[in-house]
>>> print(open('my_file-v7.cif').read())   # mmCIF, C-alpha atoms
data_run
#
loop_
_atom_site.label_atom_id
_atom_site.label_comp_id
_atom_site.auth_asym_id
_atom_site.auth_seq_id
_atom_site.Cartn_x
_atom_site.Cartn_y
_atom_site.Cartn_z
CA MET A 991 6.70 8.37 -4.66
CA THR A 992 8.82 5.54 -5.90
CA ALA A 993 9.11 2.51 -8.16
CA GLU A 994 10.44 -0.79 -6.88
CA ILE A 995 10.56 -4.19 -8.51
CA ALA A 996 11.17 -7.76 -7.37
CA VAL A 997 11.79 -10.42 -10.03
CA LEU A 998 12.23 -13.99 -8.85
CA ASN A 999 12.53 -17.57 -9.96
CA LYS A 1000 13.86 -20.71 -8.30
CA SER A 1001 17.51 -19.60 -8.53
CA ALA A 1002 17.39 -16.02 -7.17
CA VAL A 1003 15.42 -12.87 -6.55
CA ALA A 1004 16.42 -9.52 -8.03
CA LEU A 1005 15.47 -6.24 -6.35
CA ALA A 1006 15.58 -2.78 -7.91
CA ALA A 1007 14.61 0.60 -6.46
CA ASP A 1008 14.85 4.16 -7.72
CA SER A 1009 16.14 7.08 -5.63
CA ALA A 1010 13.41 9.73 -5.98
CA VAL A 1011 11.68 11.15 -2.94
CA SER A 1012 8.95 13.81 -2.92
CA ILE A 1013 8.96 16.49 -0.21
CA SER A 1014 5.86 18.64 0.26
CA ASP A 1015 5.70 21.93 2.16
CA GLY A 1016 2.06 21.34 3.07
CA ASN A 1017 0.84 24.16 0.77
CA GLY A 1018 0.74 22.22 -2.47
CA SER A 1019 4.37 22.79 -3.43
CA THR A 1020 6.43 19.64 -3.97
CA LYS A 1021 10.16 19.14 -4.46
CA VAL A 1022 11.66 15.90 -5.78
CA TYR A 1023 15.13 14.78 -4.64
CA ASN A 1024 17.06 11.85 -6.12
CA GLY A 1025 19.10 10.48 -3.25
CA ALA A 1026 16.78 8.36 -1.11
CA GLU A 1027 17.86 4.95 0.20
CA LYS A 1028 15.13 2.36 -0.32
CA LEU A 1029 16.95 -0.97 -0.78
CA PHE A 1030 19.07 -2.55 1.95
CA ALA A 1031 20.71 -5.79 2.99
CA LEU A 1032 18.80 -6.78 6.13
CA THR A 1033 21.85 -8.64 7.41
CA LYS A 1034 25.47 -8.63 6.25
CA PHE A 1035 25.83 -12.36 6.74
CA HIS A 1036 22.72 -14.00 5.28
CA PRO A 1037 20.71 -13.86 2.02
CA VAL A 1038 17.94 -11.44 3.02
CA GLY A 1039 17.12 -7.99 1.68
CA ILE A 1040 14.52 -5.35 2.49
CA MET A 1041 12.90 -2.57 0.43
CA ILE A 1042 10.88 0.38 1.72
CA TYR A 1043 8.27 2.34 -0.21
CA GLY A 1044 5.54 4.80 0.70
CA THR A 1045 6.33 6.87 3.79
CA GLY A 1046 10.09 7.38 4.22
CA SER A 1047 9.98 7.24 8.00
CA LEU A 1048 8.29 5.50 10.92
CA CYS A 1049 6.94 7.99 13.46
CA GLN A 1050 9.40 10.53 11.99
CA VAL A 1051 12.38 8.16 12.39
CA PRO A 1052 14.06 7.52 8.97
CA TRP A 1053 13.81 3.96 7.73
CA GLU A 1054 17.50 3.96 6.80
CA LEU A 1055 18.42 4.48 10.45
CA ILE A 1056 15.95 1.82 11.60
CA VAL A 1057 17.21 -0.85 9.20
CA LYS A 1058 20.86 -0.22 10.03
CA GLU A 1059 20.18 -0.30 13.76
CA TYR A 1060 18.40 -3.62 13.32
CA ARG A 1061 21.41 -4.94 11.44
CA LYS A 1062 23.58 -4.10 14.44
CA LYS A 1063 21.16 -5.95 16.67
CA ILE A 1064 20.85 -9.12 14.57
CA LYS A 1065 24.62 -9.36 13.83
CA GLU A 1066 25.27 -12.95 12.67
CA ASP A 1067 22.00 -14.42 13.95
CA SER A 1068 19.75 -16.10 11.42
CA PHE A 1069 16.33 -17.75 11.14
CA ASP A 1070 14.93 -20.82 9.42
CA THR A 1071 12.36 -18.90 7.35
CA LEU A 1072 12.01 -15.48 5.75
CA GLU A 1073 8.81 -15.00 7.72
CA ALA A 1074 10.81 -15.39 10.95
CA TYR A 1075 13.14 -12.58 9.82
CA ALA A 1076 10.09 -10.35 9.30
CA GLU A 1077 8.67 -11.26 12.71
CA ASP A 1078 11.99 -10.51 14.43
CA PHE A 1079 12.28 -7.19 12.61
CA PHE A 1080 8.78 -6.15 13.70
CA GLN A 1081 9.50 -7.31 17.25
CA PHE A 1082 12.59 -5.10 17.22
CA LEU A 1083 10.50 -2.11 16.12
CA ALA A 1084 7.91 -2.67 18.84
CA THR A 1085 10.34 -3.21 21.71
CA GLU A 1086 13.14 -0.72 20.99
CA PRO A 1087 12.17 2.25 23.21
CA LYS A 1088 15.15 4.48 22.43
CA LEU A 1089 14.96 4.18 18.65
CA ILE A 1090 11.26 5.05 18.45
CA PRO A 1091 10.39 6.74 21.78
CA MET A 1092 6.88 6.53 23.21
CA GLU A 1093 6.33 10.27 22.80
CA LEU A 1094 6.90 9.95 19.04
CA ARG A 1095 4.47 7.03 18.90
CA GLU A 1096 1.82 8.96 20.82
CA HIS A 1097 2.33 12.04 18.65
CA PHE A 1098 1.95 9.88 15.54
CA ILE A 1099 -1.32 8.27 16.65
CA ARG A 1100 -2.82 11.61 17.62
CA GLN A 1101 -1.92 12.92 14.17
CA HIS A 1102 -3.62 9.86 12.70
CA TRP A 1103 -6.77 10.46 14.74
CA ASN A 1104 -6.81 14.12 13.75
CA PHE A 1105 -6.46 13.15 10.08
CA VAL A 1106 -9.35 10.65 10.25
CA TYR A 1107 -11.55 13.16 12.12
CA THR A 1108 -10.78 15.84 9.52
CA GLN A 1109 -11.61 13.45 6.67
CA LEU A 1110 -14.93 12.68 8.35
CA TRP A 1111 -15.82 16.37 8.51
CA GLU A 1112 -14.88 16.81 4.84
CA LEU A 1113 -17.47 14.16 3.96
CA VAL A 1114 -20.02 15.96 6.12
CA GLU A 1115 -19.26 19.34 4.54
CA SER A 1116 -19.65 17.82 1.08
CA LYS A 1117 -23.12 16.53 2.04
CA VAL A 1118 -24.00 19.92 3.56
CA ARG A 1119 -23.04 21.72 0.34
CA GLY A 1120 -25.27 19.36 -1.62
CA LEU A 1121 -28.14 20.00 0.78
CA ILE A 1122 -27.72 23.77 0.42
CA GLU A 1123 -27.77 23.46 -3.37
CA ASP A 1124 -30.99 21.41 -3.22
CA THR A 1125 -32.89 23.48 -0.63
CA GLY A 1126 -31.24 26.90 -0.80
CA GLN A 1127 -30.98 26.92 3.00
CA ASP A 1128 -28.22 26.23 5.49
CA PRO A 1129 -28.92 23.17 7.66
CA THR A 1130 -29.48 23.67 11.37
CA PRO A 1131 -26.81 22.46 13.83
CA ILE A 1132 -29.01 19.47 14.65
CA GLU A 1133 -29.33 18.59 10.94
CA THR A 1134 -25.56 18.96 10.51
CA PHE A 1135 -24.83 16.60 13.39
CA ASN A 1136 -27.40 14.14 12.02
CA ILE A 1137 -25.39 14.13 8.78
CA PHE A 1138 -22.21 13.73 10.84
CA ASP A 1139 -23.68 10.71 12.68
CA SER A 1140 -24.90 9.18 9.42
CA GLU A 1141 -21.53 9.49 7.68
CA ALA A 1142 -19.68 8.18 10.74
CA ALA A 1143 -22.05 5.21 11.00
CA GLU A 1144 -21.48 4.38 7.33
CA ILE A 1145 -17.69 4.43 7.78
CA THR A 1146 -18.03 2.33 10.93
CA LYS A 1147 -20.02 -0.27 9.00
CA ILE A 1148 -17.30 -0.50 6.35
CA LEU A 1149 -14.46 -0.69 8.87
CA HIS A 1150 -16.21 -3.45 10.85
CA GLU A 1151 -15.98 -5.65 7.75
CA ASN A 1152 -12.20 -5.13 7.36
CA ASN A 1153 -9.53 -7.39 8.83
CA PHE A 1154 -7.81 -6.60 12.11
CA LEU A 1155 -4.17 -5.58 11.93
CA ASN A 1156 -1.73 -8.14 13.32
CA ASN A 1157 -2.14 -8.68 17.08
CA PHE A 1158 -5.20 -6.40 17.33
CA ASP A 1159 -8.65 -7.55 18.46
CA ALA A 1160 -12.01 -6.27 19.69
CA ASP A 1161 -10.65 -5.60 23.17
CA ASP A 1162 -8.12 -3.20 21.67
CA VAL A 1163 -10.91 -1.39 19.83
CA ARG A 1164 -12.74 -0.75 23.10
CA THR A 1165 -9.58 0.55 24.79
CA ILE A 1166 -8.66 2.75 21.82
CA GLN A 1167 -12.21 4.08 21.68
CA MET A 1168 -11.96 5.38 25.24
CA GLN A 1169 -8.64 7.09 24.44
CA ALA A 1170 -10.02 8.49 21.19
CA LYS A 1171 -13.02 9.89 23.04
CA GLU A 1172 -10.71 11.80 25.40
CA PHE A 1173 -8.76 13.05 22.38
CA LEU A 1174 -11.95 14.25 20.66
CA VAL A 1175 -13.25 16.04 23.75
CA GLU A 1176 -9.92 17.85 24.01
CA LEU A 1177 -9.93 18.65 20.29
CA ILE A 1178 -13.59 19.62 19.95
CA ASN A 1179 -14.09 21.95 22.92
CA PRO A 1180 -11.91 24.81 21.59
CA SER A 1181 -13.11 24.44 17.98
CA HIS A 1182 -16.88 24.28 18.65
CA GLN A 1183 -17.39 26.98 21.28
CA ASP A 1184 -20.56 28.31 19.68
CA SER A 1185 -22.40 24.97 19.48
CA ASP A 1186 -22.80 22.01 21.74
CA PHE A 1187 -21.24 18.90 20.24
CA PRO A 1188 -23.70 16.07 20.99
CA PRO A 1189 -22.22 13.35 23.23
CA GLN A 1190 -23.58 10.62 20.96
CA SER A 1191 -21.72 12.16 18.01
CA ILE A 1192 -18.48 12.05 20.00
CA GLU A 1193 -19.12 8.38 20.81
CA ILE A 1194 -19.74 7.53 17.16
CA ALA A 1195 -16.67 9.47 16.01
CA ALA A 1196 -14.51 7.79 18.67
CA GLU A 1197 -15.55 4.39 17.33
CA VAL A 1198 -14.52 5.46 13.84
CA LEU A 1199 -11.08 6.51 15.13
CA ALA A 1200 -10.70 3.25 17.08
CA LEU A 1201 -11.59 1.05 14.11
CA ALA A 1202 -9.37 3.10 11.81
CA THR A 1203 -6.52 2.38 14.25
CA ALA A 1204 -7.06 -1.35 14.76
CA LYS A 1205 -8.28 -2.45 11.34
CA GLU A 1206 -6.97 -2.40 7.80
CA ASN A 1207 -7.88 0.79 5.91
CA PRO A 1208 -6.31 3.31 3.51
CA LEU A 1209 -6.49 6.25 5.93
CA GLY A 1210 -3.30 7.87 7.17
CA SER A 1211 0.34 7.32 6.29
CA ASN A 1212 1.57 3.91 5.23
CA SER A 1213 4.99 2.34 4.68
CA GLY A 1214 5.32 -0.65 2.43
CA ILE A 1215 7.90 -3.15 3.68
CA VAL A 1216 9.23 -5.87 1.36
CA PHE A 1217 11.39 -8.74 2.65
CA ALA A 1218 13.08 -10.92 0.04
CA GLY A 1219 15.45 -13.88 0.21
CA TYR A 1220 15.86 -17.11 2.15
CA GLY A 1221 15.67 -18.55 5.62
CA ASN A 1222 18.21 -21.21 6.64
CA LYS A 1223 15.87 -24.07 5.74
CA GLU A 1224 14.50 -22.52 2.54
CA PHE A 1225 16.03 -23.40 -0.84
CA PHE A 1226 13.90 -21.14 -3.07
CA PRO A 1227 13.54 -17.38 -2.62
CA SER A 1228 10.30 -15.79 -1.52
CA VAL A 1229 8.99 -12.25 -1.18
CA LEU A 1230 6.89 -11.03 1.75
CA ALA A 1231 5.17 -7.63 1.63
CA PHE A 1232 3.56 -5.79 4.55
CA ASN A 1233 1.73 -2.54 5.13
CA LEU A 1234 3.01 -0.77 8.23
CA LYS A 1235 1.00 2.11 9.67
CA GLY A 1236 2.87 3.22 12.77
CA PHE A 1237 2.04 2.37 16.38
CA TRP A 1238 -0.70 2.43 18.92
CA SER A 1239 0.97 2.39 22.32
CA GLU A 1240 3.44 -0.52 22.20
CA LYS A 1241 1.64 -2.34 19.39
CA LEU A 1242 2.93 -2.12 15.83
CA ARG A 1243 0.14 -1.50 13.31
CA VAL A 1244 1.09 -3.94 10.56
CA ILE A 1245 -0.71 -6.34 8.22
CA PRO A 1246 0.54 -8.69 5.46
CA ASN A 1247 0.01 -7.66 1.84
CA SER A 1248 -0.55 -11.04 0.19
CA GLN A 1249 -1.23 -9.52 -3.23
CA LYS A 1250 2.31 -8.14 -3.35
CA SER A 1251 4.00 -11.26 -1.95
CA ALA A 1252 5.40 -14.30 -3.77
CA VAL A 1253 5.77 -17.79 -2.33
CA ALA A 1254 8.98 -19.82 -2.50
CA GLY A 1255 9.37 -21.73 -5.75
CA SER A 1256 7.24 -19.33 -7.80
CA SER A 1257 8.37 -17.21 -10.75
CA GLY A 1258 7.20 -13.74 -11.63
CA ILE A 1259 7.36 -10.00 -11.13
CA GLN A 1260 6.13 -7.96 -8.19
CA ALA A 1261 5.88 -4.18 -8.56
CA TYR A 1262 5.47 -1.71 -5.71
CA ALA A 1263 4.27 1.89 -5.35
CA GLN A 1264 4.05 3.26 -8.93
CA ASP A 1265 3.46 -0.08 -10.61
CA GLU A 1266 1.41 0.79 -13.71
CA GLU A 1267 4.21 0.42 -16.28
CA ALA A 1268 5.38 -2.89 -14.81
CA LEU A 1269 1.81 -4.24 -14.77
CA THR A 1270 1.32 -3.05 -18.36
CA PHE A 1271 4.44 -4.96 -19.38
CA MET A 1272 3.21 -8.09 -17.62
CA HIS A 1273 -0.43 -8.03 -18.72
CA GLY A 1274 -0.24 -6.32 -22.11
CA ILE A 1275 -2.68 -3.58 -21.08
CA SER A 1276 -2.56 -0.59 -18.77
CA PRO A 1277 -4.54 -1.19 -15.57
CA ARG A 1278 -6.19 2.21 -15.95
CA LEU A 1279 -7.10 1.53 -19.57
CA LYS A 1280 -8.51 -1.88 -18.63
CA SER A 1281 -10.58 -0.29 -15.87
CA ASP A 1282 -11.92 2.35 -18.28
CA ILE A 1283 -12.85 -0.31 -20.84
CA VAL A 1284 -14.71 -2.35 -18.22
CA LYS A 1285 -16.61 0.76 -17.10
CA GLN A 1286 -17.57 1.54 -20.70
CA PHE A 1287 -18.80 -2.03 -21.20
CA GLN A 1288 -20.84 -1.77 -17.99
CA HIS A 1289 -22.39 1.49 -19.17
CA LEU A 1290 -23.16 -0.07 -22.55
CA PHE A 1291 -24.91 -3.07 -20.97
CA GLN A 1292 -26.91 -0.83 -18.65
CA GLU A 1293 -28.09 1.35 -21.54
CA ILE A 1294 -29.11 -1.70 -23.57
CA LEU A 1295 -31.01 -3.16 -20.60
CA PHE A 1296 -32.73 0.17 -19.92
CA LYS A 1297 -33.82 0.56 -23.55
CA SER A 1298 -34.93 -3.08 -23.76
CA ASN A 1299 -37.00 -2.65 -20.61
CA GLN A 1300 -38.73 0.36 -22.17
CA LEU A 1301 -39.58 -1.68 -25.28
CA ILE A 1302 -40.94 -4.49 -23.11
CA ASN A 1303 -43.13 -2.02 -21.18
CA ASP A 1304 -44.54 -0.70 -24.48
CA ALA A 1305 -45.20 -4.17 -25.89
CA THR A 1306 -48.85 -5.33 -26.16
CA ILE A 1307 -48.42 -8.50 -24.16
CA GLY A 1308 -49.47 -9.65 -20.73
CA ASP A 1309 -47.69 -8.67 -17.52
CA GLY A 1310 -46.56 -12.26 -16.96
CA GLU A 1311 -44.90 -12.40 -20.36
CA LYS A 1312 -43.25 -9.02 -19.77
CA GLU A 1313 -41.79 -10.20 -16.48
CA GLN A 1314 -40.53 -13.39 -18.13
CA LEU A 1315 -38.90 -11.36 -20.90
CA ARG A 1316 -37.20 -9.09 -18.36
CA GLU A 1317 -35.87 -12.07 -16.43
CA THR A 1318 -34.58 -13.73 -19.60
CA LEU A 1319 -32.98 -10.47 -20.73
CA VAL A 1320 -31.22 -9.85 -17.42
CA ASN A 1321 -29.99 -13.45 -17.13
CA THR A 1322 -28.69 -13.41 -20.72
CA ALA A 1323 -26.95 -10.07 -20.21
CA GLN A 1324 -25.30 -11.31 -16.99
CA GLN A 1325 -24.16 -14.52 -18.67
CA GLN A 1326 -22.72 -12.65 -21.65
CA TRP A 1327 -21.00 -10.19 -19.32
CA ASP A 1328 -19.37 -12.97 -17.29
CA GLU A 1329 -18.26 -14.81 -20.42
CA THR A 1330 -16.83 -11.64 -21.98
CA ILE A 1331 -14.80 -10.70 -18.90
CA ALA A 1332 -13.59 -14.30 -18.51
CA SER A 1333 -12.55 -14.37 -22.18
CA ILE A 1334 -10.58 -11.12 -21.82
CA GLU A 1335 -8.81 -12.45 -18.70
CA ARG A 1336 -7.93 -15.71 -20.49
CA GLN A 1337 -6.51 -13.77 -23.42
CA ILE A 1338 -4.40 -11.58 -21.10
CA ARG A 1339 -3.05 -14.64 -19.27
CA SER A 1340 -2.29 -16.75 -22.34
CA GLN A 1341 -0.89 -14.03 -24.61
CA TYR A 1342 0.96 -11.90 -22.08
CA THR A 1343 1.13 -12.83 -18.39
CA ASP A 1344 1.94 -16.54 -18.80
CA GLN A 1345 4.55 -15.80 -21.46
CA VAL A 1346 6.34 -13.33 -19.17
CA VAL A 1347 6.19 -15.71 -16.21
CA ASP A 1348 7.45 -18.61 -18.35
CA MET A 1349 10.36 -16.47 -19.51
CA VAL A 1350 11.24 -15.32 -15.98
CA GLU A 1351 11.33 -18.91 -14.74
CA PHE A 1352 14.47 -19.67 -16.74
CA LEU A 1353 16.33 -16.35 -16.58
CA PRO A 1354 19.88 -16.45 -15.17
CA LYS A 1355 20.77 -14.17 -12.28
CA ASP A 1356 22.21 -11.32 -14.37
CA GLU A 1357 19.10 -11.23 -16.56
CA LEU A 1358 16.86 -11.11 -13.49
CA ALA A 1359 18.76 -8.02 -12.37
CA TYR A 1360 18.56 -6.48 -15.85
CA MET A 1361 14.80 -7.03 -15.98
CA ALA A 1362 14.23 -5.49 -12.54
CA GLU A 1363 16.32 -2.44 -13.40
CA SER A 1364 14.66 -2.07 -16.82
CA LEU A 1365 11.17 -2.03 -15.31
CA VAL A 1366 12.15 0.73 -12.90
CA ASN A 1367 13.78 2.62 -15.79
CA MET A 1368 10.60 2.18 -17.83
CA THR A 1369 8.55 3.83 -15.10
CA ALA A 1370 11.06 6.68 -14.78
CA PHE A 1371 11.14 7.21 -18.55
CA LYS A 1372 7.34 7.33 -18.72
CA ARG A 1373 7.28 10.06 -16.06
CA LYS A 1374 10.02 11.95 -17.91
CA VAL A 1375 8.34 12.10 -21.34
CA THR A 1376 4.80 12.84 -20.09
CA ASN A 1377 3.41 15.75 -18.12
CA ASP A 1378 3.44 13.70 -14.90
CA THR A 1379 5.70 14.88 -12.08
CA GLU A 1380 9.03 13.02 -12.22
CA THR A 1381 8.45 11.18 -8.96
CA VAL A 1382 10.51 8.20 -10.16
CA GLY A 1383 14.15 8.68 -11.08
CA GLY A 1384 17.73 9.11 -9.98
CA PRO A 1385 20.26 6.29 -9.65
CA ILE A 1386 18.73 2.82 -9.47
CA ASP A 1387 20.00 0.42 -6.83
CA VAL A 1388 19.96 -3.22 -7.95
CA ALA A 1389 20.75 -6.35 -5.93
CA ILE A 1390 20.59 -10.09 -6.47
CA ILE A 1391 19.91 -12.52 -3.61
CA SER A 1392 20.67 -16.20 -4.10
CA LYS A 1393 21.09 -19.13 -1.74
CA GLY A 1394 24.74 -19.75 -2.57
CA ASP A 1395 26.06 -16.21 -3.07
CA GLY A 1396 23.90 -14.31 -0.60
CA PHE A 1397 23.09 -10.60 -1.04
CA VAL A 1398 25.11 -9.20 -3.98
CA TRP A 1399 24.99 -5.60 -5.16
CA ILE A 1400 24.78 -5.17 -8.94
CA LYS A 1401 24.40 -1.39 -8.87
CA ARG A 1402 24.68 0.76 -5.79
CA LYS A 1403 24.89 4.52 -5.34
CA HIS A 1404 27.03 6.32 -2.79
CA TYR A 1405 26.70 9.92 -1.71
CA PHE A 1406 30.49 10.12 -1.41
CA ASP A 1407 33.59 9.37 -3.49
CA SER A 1408 34.74 5.84 -2.64
CA ALA A 1409 38.36 6.70 -3.47
CA LEU A 1410 38.37 9.29 -0.67
CA ASN A 1411 36.81 6.99 1.91
CA THR A 1412 38.69 3.71 1.88
CA HIS A 1413 38.22 3.41 5.66
CA TYR A 1414 34.48 3.07 5.06
CA PHE A 1415 34.97 -0.14 3.09
CA ASP A 1416 37.70 -1.40 5.42
CA ASN A 1417 35.32 -1.09 8.37
CA PHE A 1418 32.58 -2.77 6.40
CA LEU A 1419 34.76 -5.77 5.65
CA LYS A 1420 35.73 -6.00 9.32
CA GLY A 1421 32.07 -6.07 10.30
CA LYS A 1422 32.23 -2.73 12.16
CA SER A 1423 30.12 -0.62 9.84
CA ASN A 1424 26.37 -0.33 9.64
CA VAL A 1425 26.32 0.61 5.99
CA ARG A 1426 23.48 -0.66 3.89
#
>>> encode(input="my_file-v7.cif", output="structure tokens")
Amino acid sequence: MTAEIAVLNKSAVALAADSAVSISDGNGSTKVYNGAEKLFALTKFHPVGIMIYGTGSLCQVPWELIVKEYRKKIKEDSFDTLEAYAEDFFQFLATEPKLIPMELREHFIRQHWNFVYTQLWELVESKVRGLIEDTGQDPTPIETFNIFDSEAAEITKILHENNFLNNFDADDVRTIQMQAKEFLVELINPSHQDSDFPPQSIEIAAEVLALATAKENPLGSNSGIVFAGYGNKEFFPSVLAFNLKGFWSEKLRVIPNSQKSAVAGSSGIQAYAQDEEALTFMHGISPRLKSDIVKQFQHLFQEILFKSNQLINDATIGDGEKEQLRETLVNTAQQQWDETIASIERQIRSQYTDQVVDMVEFLPKDELAYMAESLVNMTAFKRKVTNDTETVGGPIDVAIISKGDGFVWIKRKHYFDSALNTHYFDNFLKGKSNVR
């Protein structure tokens, strides 16, 4: 895991990222290392930076290598907008066959399909266990596959409502579905030798895999990509966030994350990955605590409505009057609920969020950097003094990007002693190095 922060106003954007990376052995054991590279200058010549969070690689190719290879490719080229930088970067990923070979892409998508298929069966097995507890009997194979079809159909319904990933459409879904069907037949035959897997179940499962490939969803690995800075014709910094989920064939599976982006000219804080402490600082309340409070209020309202309905049923009045009382009660409860939630949101905005945003708007560059670093430190400190795993920590890289000064490092770790490697910096100044 990780903690990354972007703080921006009209004069600059500050970026900060920790160095912790979690490595799992697949058996529940996790090791945390504090040397990961997550913040980079996208180009050595123009005011654009990039941060990576989530998965540390793309189809098993490290992001550090990818970013530095792109920097070699772009050289001194530039674009009018930050969005154009992002588009060129994604085009580079999709069309660079040697950096991310097709066999790695195909291996990745098959892993994704296997993961989705396994998750589907876990849902089915959960339903089967519940059925056994209720009836005391194991379901027949036909009953099990009926549950399988029902769960798959429910997931399909949800996925149909989600947005397509960039450059994907219904035609892609049909093509992917045919490929996924071949994958499932190959996967299923050895693992279900004692029972015939119904063809219609394979069709339904293939549609789930196809939609989970072409549409936005939380299944599978995900890399968060954050671009920050300026295009040539932009005078205020902006932040663009994307979710990147590997490849299908030559198509990059990517979609914008508008909730984690910030338009040019705005002021504020954007937090990525482990963002609870930063959001608590901004809004004056922990997101988890706020969610728990809302759930308790909902439970309270439901209990009051249930008890009130019982009293109405016991009342010695006509059915018409009872129905009118129920309607009045429900409408009043809904109105009070809406007003209460709106009042809480107004209080959070006026007493906390707006005050932070107003302060950020006028911060000088060095204070922007200090705030970004402090918010990452806050997250790391919280993990250190609680029983949570210390998945945020290590040296914090901090950079400031401004229109006039470009990409400037405030704090930057090296895995080597700079005094012993003067050639490294000489090459960098000559434009020969691909250092971050």
>>> atom_distance(input="my_file-v7.cif", atom1="CA of Gly1126 in chain A", atom2="CA of Ala1143 in chain A")
26.3 Å
>>> residues_near_point(input="my_file-v7.cif", point="(-9.0, 15.3, 22.0)", cutoff="12 Å", atoms="only C-alpha atoms", output="VMD selection string")
chain A and resid 1099 to 1101 1103 to 1104 1107 1167 to 1181 1192 1195 to 1196 1199
>>> write_last_selection(input="my_file-v7.cif", atoms="C-alpha atoms", output="mmCIF file, in the frame of the given file")
data_model
loop_
_atom_site.group_PDB
_atom_site.id
_atom_site.type_symbol
_atom_site.label_atom_id
_atom_site.label_comp_id
_atom_site.auth_asym_id
_atom_site.auth_seq_id
_atom_site.Cartn_x
_atom_site.Cartn_y
_atom_site.Cartn_z
ATOM 1 C CA ILE A 1099 -1.320 8.270 16.650
ATOM 2 C CA ARG A 1100 -2.820 11.610 17.620
ATOM 3 C CA GLN A 1101 -1.920 12.920 14.170
ATOM 4 C CA TRP A 1103 -6.770 10.460 14.740
ATOM 5 C CA ASN A 1104 -6.810 14.120 13.750
ATOM 6 C CA TYR A 1107 -11.550 13.160 12.120
ATOM 7 C CA GLN A 1167 -12.210 4.080 21.680
ATOM 8 C CA MET A 1168 -11.960 5.380 25.240
ATOM 9 C CA GLN A 1169 -8.640 7.090 24.440
ATOM 10 C CA ALA A 1170 -10.020 8.490 21.190
ATOM 11 C CA LYS A 1171 -13.020 9.890 23.040
ATOM 12 C CA GLU A 1172 -10.710 11.800 25.400
ATOM 13 C CA PHE A 1173 -8.760 13.050 22.380
ATOM 14 C CA LEU A 1174 -11.950 14.250 20.660
ATOM 15 C CA VAL A 1175 -13.250 16.040 23.750
ATOM 16 C CA GLU A 1176 -9.920 17.850 24.010
ATOM 17 C CA LEU A 1177 -9.930 18.650 20.290
ATOM 18 C CA ILE A 1178 -13.590 19.620 19.950
ATOM 19 C CA ASN A 1179 -14.090 21.950 22.920
ATOM 20 C CA PRO A 1180 -11.910 24.810 21.590
ATOM 21 C CA SER A 1181 -13.110 24.440 17.980
ATOM 22 C CA ILE A 1192 -18.480 12.050 20.000
ATOM 23 C CA ALA A 1195 -16.670 9.470 16.010
ATOM 24 C CA ALA A 1196 -14.510 7.790 18.670
ATOM 25 C CA LEU A 1199 -11.080 6.510 15.130
#
>>> closest_residue(input="my_file-v7.cif", among="A:Ile1166, A:Leu1353, A:Leu998, A:Val1216", to="Ala1231 in chain A", atoms="all atoms listed in the file")
A:Val1216
>>> resolve_selection(input="my_file-v7.cif", expression="the PyMOL selection byres ((chain A and resi 1245) around 12)", output="JSON, numbers by chain")
{"A": [1076, 1077, 1080, 1152, 1153, 1154, 1155, 1156, 1157, 1158, 1204, 1205, 1206, 1207, 1212, 1213, 1214, 1215, 1230, 1231, 1232, 1233, 1234, 1235, 1236, 1242, 1243, 1244, 1246, 1247, 1248, 1249]}
>>> closest_residue(input="my_file-v7.cif", among="A:Ile1194, A:Lys1403, A:Lys1250, A:Asp1265", to="Ala1218 in chain A", atoms="only C-alpha atoms")
A:Lys1250
>>> resolve_selection(input="my_file-v7.cif", expression="the PyMOL selection byres ((chain A and resi 1032) around 8)", output="ChimeraX atom specification")
/A:1030-1031,1033-1034,1038-1040,1057-1058,1060-1061
>>> resolve_selection(input="my_file-v7.cif", expression="the PyMOL selection byres ((chain A and resi 1210) around 6)", output="PyMOL selection string")
chain A and resi 1102+1209+1211
>>> residues_around(input="my_file-v7.cif", residues="range 1396-1402 of chain A", least_positions_apart="6", cutoff="7 Å", atoms="only C-alpha atoms", output="PyMOL selection string")
chain A and resi 1031+1036-1038+1387-1390
>>> atom_distance(input="my_file-v7.cif", atom1="CA of Cys1049 in chain A", atom2="CA of Ile995 in chain A")
25.4 Å
>>> residues_around(input="my_file-v7.cif", residues="Ala1268 in chain A", least_positions_apart="5", cutoff="10 Å", atoms="all atoms listed in the file", output="list of chain:residue names")
A:Ala993, A:Glu994, A:Ile995, A:Ile1259, A:Gln1260, A:Ala1261, A:Tyr1262, A:His1273, A:Gly1274, A:Ser1276, A:Ala1362, A:Ser1364, A:Leu1365, A:Val1366, A:Met1368, A:Thr1369
>>> write_last_selection(input="my_file-v7.cif", atoms="C-alpha atoms", output="PDB file, in the coordinates of the input")
ATOM      1  CA  ALA A 993       9.110   2.510  -8.160  1.00  0.00           C
ATOM      2  CA  GLU A 994      10.440  -0.790  -6.880  1.00  0.00           C
ATOM      3  CA  ILE A 995      10.560  -4.190  -8.510  1.00  0.00           C
ATOM      4  CA  ILE A1259       7.360 -10.000 -11.130  1.00  0.00           C
ATOM      5  CA  GLN A1260       6.130  -7.960  -8.190  1.00  0.00           C
ATOM      6  CA  ALA A1261       5.880  -4.180  -8.560  1.00  0.00           C
ATOM      7  CA  TYR A1262       5.470  -1.710  -5.710  1.00  0.00           C
ATOM      8  CA  HIS A1273      -0.430  -8.030 -18.720  1.00  0.00           C
ATOM      9  CA  GLY A1274      -0.240  -6.320 -22.110  1.00  0.00           C
ATOM     10  CA  SER A1276      -2.560  -0.590 -18.770  1.00  0.00           C
ATOM     11  CA  ALA A1362      14.230  -5.490 -12.540  1.00  0.00           C
ATOM     12  CA  SER A1364      14.660  -2.070 -16.820  1.00  0.00           C
ATOM     13  CA  LEU A1365      11.170  -2.030 -15.310  1.00  0.00           C
ATOM     14  CA  VAL A1366      12.150   0.730 -12.900  1.00  0.00           C
ATOM     15  CA  MET A1368      10.600   2.180 -17.830  1.00  0.00           C
ATOM     16  CA  THR A1369       8.550   3.830 -15.100  1.00  0.00           C
TER      17      THR A1369
END
